$ cat upload.cif   # mmCIF, C-alpha atoms
data_protein
#
loop_
_atom_site.label_atom_id
_atom_site.label_comp_id
_atom_site.auth_asym_id
_atom_site.auth_seq_id
_atom_site.Cartn_x
_atom_site.Cartn_y
_atom_site.Cartn_z
CA MET A 413 -1.62 -18.87 -13.36
CA ALA A 414 0.24 -18.74 -16.66
CA GLN A 415 2.10 -15.49 -16.08
CA ARG A 416 4.47 -14.63 -13.26
CA ILE A 417 4.34 -11.28 -11.49
CA ASP A 418 6.55 -8.79 -13.36
CA PHE A 419 6.25 -5.78 -11.05
CA THR A 420 5.04 -4.89 -7.57
CA ILE A 421 3.99 -1.61 -5.98
CA ILE A 422 5.49 -1.92 -2.48
CA GLY A 423 4.16 1.32 -0.88
CA ALA A 424 4.26 3.73 0.82
CA GLN A 425 0.88 3.95 2.50
CA LYS A 426 -1.09 7.21 1.90
CA ALA A 427 1.32 8.28 -0.83
CA GLY A 428 -0.75 7.72 -3.97
CA THR A 429 -0.22 3.98 -4.45
CA THR A 430 -3.93 3.35 -5.06
CA SER A 431 -4.07 6.07 -7.71
CA LEU A 432 -0.99 4.69 -9.48
CA TYR A 433 -2.46 1.18 -9.31
CA ASP A 434 -5.74 2.35 -10.83
CA TYR A 435 -3.98 4.29 -13.59
CA LEU A 436 -1.74 1.36 -14.55
CA ALA A 437 -4.67 -1.06 -14.44
CA GLN A 438 -6.29 0.89 -17.30
CA HIS A 439 -3.42 0.10 -19.68
CA PRO A 440 -4.45 -2.74 -22.04
CA ASP A 441 -1.02 -4.39 -21.78
CA VAL A 442 -1.06 -4.48 -17.95
CA TYR A 443 -2.89 -7.02 -15.83
CA LEU A 444 -3.58 -6.01 -12.24
CA PRO A 445 -6.06 -7.95 -10.07
CA ALA A 446 -9.41 -6.35 -9.26
CA GLU A 447 -8.64 -7.20 -5.61
CA LYS A 448 -5.82 -4.71 -5.14
CA GLU A 449 -3.92 -6.05 -2.15
CA ASN A 450 -3.07 -9.63 -1.27
CA LEU A 451 -0.64 -10.92 1.32
CA PHE A 452 1.43 -13.25 -0.87
CA PHE A 453 4.90 -11.77 -0.26
CA SER A 454 4.18 -10.53 3.25
CA ARG A 455 3.50 -13.91 4.87
CA GLU A 456 5.70 -16.98 4.63
CA ASP A 457 2.80 -19.44 4.90
CA LEU A 458 0.96 -17.84 1.97
CA TYR A 459 4.13 -17.42 -0.08
CA ARG A 460 4.92 -21.13 0.20
CA ARG A 461 1.50 -21.93 -1.25
CA GLY A 462 2.63 -20.34 -4.51
CA ASP A 463 0.14 -20.41 -7.37
CA ALA A 464 -2.41 -22.15 -5.20
CA TYR A 465 -2.76 -18.86 -3.35
CA LEU A 466 -2.28 -16.51 -6.31
CA ARG A 467 -4.64 -18.30 -8.68
CA HIS A 468 -7.73 -16.53 -7.34
CA TYR A 469 -6.23 -13.07 -7.81
CA TYR A 470 -4.98 -13.74 -11.33
CA ARG A 471 -7.90 -15.82 -12.55
CA ARG A 472 -8.86 -13.21 -15.16
CA TYR A 473 -5.37 -12.88 -16.64
CA ALA A 474 -5.78 -12.93 -20.42
CA GLY A 475 -2.25 -12.78 -21.78
CA GLU A 476 -1.41 -9.13 -21.02
CA ARG A 477 2.28 -8.33 -21.58
CA VAL A 478 2.96 -7.25 -18.00
CA CYS A 479 1.47 -8.71 -14.83
CA GLY A 480 1.47 -6.66 -11.63
CA HIS A 481 0.89 -6.88 -7.90
CA ALA A 482 0.60 -4.42 -5.01
CA TYR A 483 0.51 -4.45 -1.26
CA VAL A 484 0.96 -1.12 0.45
CA HIS A 485 2.58 -2.62 3.56
CA LEU A 486 5.44 -4.45 1.78
CA LEU A 487 7.77 -1.49 2.28
CA VAL A 488 7.61 -2.02 6.05
CA ILE A 489 7.95 -5.83 5.89
CA PRO A 490 11.67 -6.46 5.20
CA GLU A 491 11.13 -10.22 4.97
CA SER A 492 9.21 -9.65 1.75
CA ALA A 493 12.35 -8.58 -0.16
CA PRO A 494 14.06 -12.02 -0.28
CA ARG A 495 10.75 -13.71 -1.07
CA MET A 496 10.23 -11.39 -4.03
CA TRP A 497 13.76 -12.02 -5.24
CA GLU A 498 13.32 -15.79 -4.94
CA TYR A 499 10.00 -15.62 -6.78
CA ASN A 500 11.30 -13.49 -9.67
CA SER A 501 14.76 -11.93 -9.56
CA ALA A 502 13.87 -9.81 -12.61
CA MET A 503 10.85 -8.28 -10.87
CA ARG A 504 10.54 -4.50 -10.89
CA LEU A 505 9.53 -2.66 -7.74
CA ILE A 506 7.75 0.67 -7.46
CA ALA A 507 7.79 2.78 -4.29
CA VAL A 508 5.66 5.94 -4.12
CA LEU A 509 6.97 8.31 -1.45
CA ARG A 510 5.39 11.39 0.09
CA ASN A 511 6.62 14.07 2.46
CA PRO A 512 6.92 11.84 5.56
CA ILE A 513 5.39 14.45 7.84
CA ASP A 514 2.21 14.65 5.78
CA ARG A 515 2.23 10.89 5.18
CA ALA A 516 2.38 10.17 8.94
CA TYR A 517 -0.56 12.47 9.66
CA SER A 518 -2.62 11.06 6.81
CA GLY A 519 -1.75 7.53 7.96
CA TYR A 520 -3.03 8.34 11.43
CA TRP A 521 -6.39 9.46 10.06
CA GLN A 522 -6.53 6.42 7.80
CA ALA A 523 -6.06 4.21 10.86
CA ARG A 524 -8.78 6.17 12.64
CA ARG A 525 -11.06 5.55 9.68
CA THR A 526 -10.48 1.80 9.70
CA GLY A 527 -10.86 1.57 13.47
CA VAL A 528 -7.40 0.19 14.27
CA GLU A 529 -6.25 3.50 15.78
CA ARG A 530 -7.87 4.24 19.12
CA CYS A 531 -5.77 7.23 20.20
CA ALA A 532 -7.87 10.39 20.16
CA SER A 533 -4.98 12.56 18.97
CA PHE A 534 -2.06 12.22 16.58
CA GLU A 535 0.30 13.37 19.32
CA GLU A 536 -0.84 10.58 21.63
CA ALA A 537 -0.37 8.01 18.87
CA ILE A 538 3.19 9.21 18.19
CA ALA A 539 3.97 9.08 21.92
CA GLN A 540 2.81 5.46 22.06
CA GLU A 541 4.62 4.39 18.90
CA PRO A 542 7.87 3.12 20.52
CA ALA A 543 5.87 0.62 22.58
CA ARG A 544 3.71 -0.30 19.60
CA LEU A 545 6.75 -1.18 17.48
CA ALA A 546 7.45 -4.10 19.81
CA ARG A 547 4.15 -5.74 18.84
CA PRO A 548 3.73 -8.53 16.23
CA PRO A 549 3.66 -7.26 12.61
CA ALA A 550 -0.11 -7.62 12.13
CA THR A 551 -0.83 -5.09 14.88
CA ARG A 552 2.41 -3.09 14.63
CA VAL A 553 2.37 -2.14 10.95
CA PRO A 554 -0.91 -0.15 10.80
CA LEU A 555 0.11 1.94 13.83
CA ALA A 556 3.72 2.77 12.90
CA HIS A 557 2.79 6.24 11.72
CA ARG A 558 6.18 7.88 12.24
CA ALA A 559 8.37 4.87 11.46
CA ARG A 560 6.72 4.40 8.07
CA GLY A 561 8.37 7.63 6.93
CA ASP A 562 11.93 6.36 7.53
CA TYR A 563 12.15 5.74 3.80
CA VAL A 564 15.83 5.02 3.26
CA ALA A 565 15.91 2.49 6.11
CA LEU A 566 12.74 0.86 4.79
CA LEU A 567 14.09 0.72 1.23
CA GLN A 568 17.41 -0.77 2.31
CA PRO A 569 16.37 -4.49 2.24
CA PHE A 570 15.03 -4.02 -1.29
CA LEU A 571 18.09 -2.05 -2.45
CA GLU A 572 20.33 -4.81 -1.07
CA GLN A 573 18.28 -7.56 -2.74
CA PHE A 574 17.56 -6.01 -6.15
CA PRO A 575 19.68 -4.04 -8.64
CA ARG A 576 18.98 -0.32 -8.44
CA HIS A 577 17.65 -0.20 -12.01
CA GLN A 578 14.83 -2.55 -11.00
CA ILE A 579 13.51 -0.14 -8.35
CA ARG A 580 11.51 2.91 -9.38
CA ILE A 581 10.90 5.62 -6.77
CA VAL A 582 8.00 7.93 -7.58
CA LEU A 583 7.30 11.09 -5.60
CA PHE A 584 3.75 11.83 -4.51
CA GLU A 585 3.86 15.43 -5.69
CA ASP A 586 4.96 14.35 -9.18
CA LEU A 587 2.08 11.89 -9.32
CA ILE A 588 -0.38 14.62 -8.26
CA GLU A 589 1.00 17.61 -10.19
CA MET A 590 2.34 15.88 -13.34
CA THR A 591 0.13 12.81 -13.44
CA ALA A 592 0.22 11.97 -17.14
CA ASP A 593 4.00 12.45 -17.46
CA THR A 594 4.76 10.54 -14.26
CA VAL A 595 2.53 7.58 -15.10
CA GLY A 596 3.86 7.62 -18.68
CA GLN A 597 7.42 7.35 -17.38
CA VAL A 598 6.45 4.36 -15.22
CA VAL A 599 4.71 2.69 -18.17
CA THR A 600 7.78 3.24 -20.36
CA TRP A 601 10.03 1.86 -17.58
CA LEU A 602 7.87 -1.27 -17.59
CA GLY A 603 8.67 -1.68 -21.29
CA LEU A 604 5.27 -0.60 -22.60
CA ASP A 605 3.95 2.16 -24.86
CA PRO A 606 2.54 5.03 -22.76
CA GLU A 607 0.45 6.24 -25.72
CA VAL A 608 -1.62 3.06 -25.82
CA GLY A 609 -4.94 2.91 -24.02
CA GLY A 610 -5.87 6.56 -23.44
CA LEU A 611 -5.61 6.46 -19.65
CA ASP A 612 -8.10 8.50 -17.65
CA PHE A 613 -6.49 10.57 -14.88
CA SER A 614 -9.61 12.53 -13.91
CA GLN A 615 -10.75 10.48 -10.93
CA PRO A 616 -8.57 10.50 -7.77
CA SER A 617 -8.52 7.26 -5.81
CA ASN A 618 -8.92 6.69 -2.07
CA PRO A 619 -9.96 10.25 -1.05
CA ALA A 620 -9.97 11.24 2.62
CA SER A 621 -13.09 10.00 4.39
CA MET A 622 -14.45 8.86 7.73
CA PRO A 623 -17.12 6.27 8.58
CA ARG A 624 -20.59 7.13 9.78
CA LEU A 625 -20.47 3.96 11.91
CA PRO A 626 -16.86 3.21 13.00
CA TRP A 627 -17.73 -0.23 14.41
CA LEU A 628 -19.19 -1.31 11.04
CA GLN A 629 -16.06 -0.15 9.20
CA HIS A 630 -13.81 -2.01 11.63
CA GLN A 631 -15.82 -5.23 11.32
CA ALA A 632 -15.75 -5.05 7.53
CA LEU A 633 -11.97 -4.66 7.44
CA SER A 634 -11.03 -6.71 10.52
CA PRO A 635 -13.82 -9.15 11.38
CA SER A 636 -14.03 -10.48 14.92
CA PRO A 637 -12.87 -14.08 15.57
CA ILE A 638 -16.52 -15.16 15.77
CA ILE A 639 -17.34 -13.73 12.34
CA LYS A 640 -14.17 -15.29 10.91
CA ARG A 641 -15.22 -18.69 12.22
CA VAL A 642 -18.65 -18.28 10.63
CA TYR A 643 -16.99 -17.37 7.32
CA ARG A 644 -14.72 -20.42 7.47
CA THR A 645 -17.64 -22.73 8.28
CA LEU A 646 -19.96 -21.44 5.58
CA ILE A 647 -17.28 -20.78 2.96
CA PRO A 648 -14.49 -23.38 3.28
CA ARG A 649 -12.42 -22.21 0.26
CA GLN A 650 -10.12 -19.34 1.14
CA ALA A 651 -10.30 -17.79 -2.34
CA TRP A 652 -14.08 -17.56 -2.11
CA ARG A 653 -13.81 -15.96 1.33
CA HIS A 654 -11.39 -13.37 -0.06
CA ALA A 655 -13.77 -12.59 -2.94
CA LEU A 656 -16.70 -12.19 -0.56
CA ARG A 657 -14.67 -9.98 1.77
CA GLU A 658 -13.71 -7.70 -1.13
CA ARG A 659 -17.37 -7.30 -2.07
CA VAL A 660 -18.39 -6.63 1.53
CA VAL A 661 -15.66 -4.00 1.97
CA ARG A 662 -16.67 -2.25 -1.26
CA LEU A 663 -20.32 -2.16 -0.20
CA VAL A 664 -19.50 -0.91 3.30
CA ASN A 665 -17.14 1.75 1.92
CA LYS A 666 -19.82 2.99 -0.46
CA ALA A 667 -22.55 3.14 2.19
CA ASN A 668 -20.59 4.06 5.31
CA LEU A 669 -17.80 6.45 4.29
CA VAL A 670 -18.34 10.18 3.94
CA PRO A 671 -15.83 12.84 2.76
CA PHE A 672 -13.72 14.21 5.60
CA ASP A 673 -11.22 17.07 5.83
CA TYR A 674 -9.06 16.33 8.82
CA PRO A 675 -7.86 19.30 10.90
CA PRO A 676 -4.44 20.89 10.33
CA MET A 677 -1.52 19.44 12.23
CA LYS A 678 -0.39 21.40 15.27
CA PRO A 679 2.62 23.61 14.39
CA GLU A 680 4.70 22.27 17.28
CA THR A 681 3.98 18.67 16.18
CA ARG A 682 5.04 19.48 12.63
CA ALA A 683 8.24 21.12 13.90
CA ALA A 684 9.12 18.04 15.97
CA LEU A 685 8.52 15.70 13.02
CA ARG A 686 10.53 17.99 10.73
CA ALA A 687 13.51 17.70 13.06
CA TYR A 688 13.08 13.93 13.31
CA TYR A 689 12.89 13.36 9.54
CA GLN A 690 15.53 15.81 8.30
CA PRO A 691 18.48 13.35 8.32
CA GLY A 692 16.44 10.74 6.44
CA ILE A 693 15.15 13.29 3.94
CA ALA A 694 18.74 14.36 3.24
CA GLN A 695 19.72 10.71 2.64
CA LEU A 696 16.79 10.18 0.28
CA ALA A 697 17.64 13.37 -1.62
CA GLY A 698 21.12 11.99 -2.16
CA LEU A 699 19.76 8.62 -3.29
CA LEU A 700 17.41 10.26 -5.79
CA GLY A 701 19.65 13.15 -6.80
CA ARG A 702 16.77 15.55 -6.13
CA ASP A 703 16.21 18.56 -3.93
CA LEU A 704 13.68 17.63 -1.23
CA SER A 705 13.98 20.83 0.81
CA HIS A 706 10.27 21.50 0.17
CA TRP A 707 9.43 18.52 2.41
CA ARG A 708 8.83 20.66 5.47
#

$ encode --input "upload.cif" --output "structure tokens"
Amino acid sequence: MAQRIDFTIIGAQKAGTTSLYDYLAQHPDVYLPAEKENLFFSREDLYRRGDAYLRHYYRRYAGERVCGHAYVHLLVIPESAPRMWEYNSAMRLIAVLRNPIDRAYSGYWQARRTGVERCASFEEAIAQEPARLARPPATRVPLAHRARGDYVALLQPFLEQFPRHQIRIVLFEDLIEMTADTVGQVVTWLGLDPEVGGLDFSQPSNPASMPRLPWLQHQALSPSPIIKRVYRTLIPRQAWRHALRERVVRLVNKANLVPFDYPPMKPETRAALRAYYQPGIAQLAGLLGRDLSHWR
């Protein structure tokens, strides 16, 4: 890998990170891997492998001016901040944030879609969250629906590690309502010309959906130990396994997912989350210098 990673999209989940990734990937001066998310900064063992791990993801790099990376869970993995600083202290970080109430509810349905969430109701999942947060990161992170909206606390390790000017916070509603301007500002912040490339903003990414066969979706995303052993036996090189998994997931998504409009949140649940998040929303408003009173 000839080029080091210049910027990383660190999250938040269900806040438009996939759309931003896809928009930036269209720019001719930006290289972003076709396989959107890898675990390089989130796991110490993979980070210590360095380019030996990254080479597969950046194998098609062709000299683009800016090289990027994304992993939607980095925002909730504080250990990733010092690794990113050690790797490239000049790296720029992008966090896309959404009304935490809506983000938590959307995250619950995303977890239902992938099969990791077994609670039949959002309220039950929130009630179980304190116990879930004591679990190891691999099982804790996808189920921390409410905690993933504690934005200022989650940003703190990155704000302590990196200068403020190297962290860009994008709001979900700006990305949705003023897409061209918002993406153009990010492109300019990365030191590139936003007028180059003629980016297409017409296709939204990662729309709400649910699987026809939940067990198939879960196996595609989180194979059982038996299937993993078969993969390792038949395909010894990890990079090849990752490439195959990406293809399998794409095929399963195309065949198994159908559009889904999840039901409205219960008013009493929304009121409870509003009360929980208000102090954090006030802190974030101060950090950004923006009025966030519409996050209700």

$ resolve_selection --input "upload.cif" --expression "the PyMOL selection byres ((chain A and resi 564) around 10)" --output "ChimeraX atom specification"
/A:561-563,565-569,571,692-697,699

$ atom_distance --input "upload.cif" --atom1 "CA of Trp521 (chain A)" --atom2 "CA of Ile538 (chain A)"
12.6 Å

$ closest_residue --input "upload.cif" --among "A:Lys678, A:His439, A:Lys448, A:His557" --to "Pro512 (chain A)" --atoms "all atoms listed in the file"
A:His557

$ resolve_selection --input "upload.cif" --expression "the PyMOL selection byres ((chain A and resi 593-605) around 10)" --output "PyMOL selection string"
chain A and resi 418-419+432-433+435-436+439-442+477-478+504+506+577-578+580-592+606-609+611+613

$ closest_residue --input "upload.cif" --among "A:Met496, A:Ala502, A:Met677, A:Ile421" --to "Tyr483 (chain A)" --atoms "only C-alpha atoms"
A:Ile421

$ closest_residue --input "upload.cif" --among "A:Tyr459, A:Phe452, A:Tyr499, A:Phe574" --to "Arg416 (chain A)" --atoms "only C-alpha atoms"
A:Tyr499

$ closest_residue --input "upload.cif" --among "A:Tyr689, A:Tyr470, A:Phe534, A:Tyr517" --to "Ala427 (chain A)" --atoms "only C-alpha atoms"
A:Tyr517

$ atom_distance --input "upload.cif" --atom1 "CA of Glu449 (chain A)" --atom2 "CA of Ala482 (chain A)"
5.6 Å

$ resolve_selection --input "upload.cif" --expression "the PyMOL selection byres ((chain A and resi 462) around 12)" --output "NGL selection string"
:A and (413 or 416-417 or 451-453 or 455-461 or 463-469 or 495-496 or 498-499)

$ atom_distance --input "upload.cif" --atom1 "CA of Thr526 (chain A)" --atom2 "CA of Arg682 (chain A)"
23.7 Å

$ closest_residue --input "upload.cif" --among "A:Leu486, A:Ala537, A:Ala550, A:Ala437" --to "Asn450 (chain A)" --atoms "all atoms listed in the file"
A:Leu486

$ closest_residue --input "upload.cif" --among "A:Leu444, A:Ile489, A:Leu505, A:Leu555" --to "Glu476 (chain A)" --atoms "only C-alpha atoms"
A:Leu444

$ axis_aligned_box --input "upload.cif" --around "region 596-601 of chain A" --padding-each-side "6 Å" --output "AutoDock Vina command-line options"
--center_x 6.9 --center_y 4.7 --center_z -17.8 --size_x 18.2 --size_y 17.8 --size_z 17.1
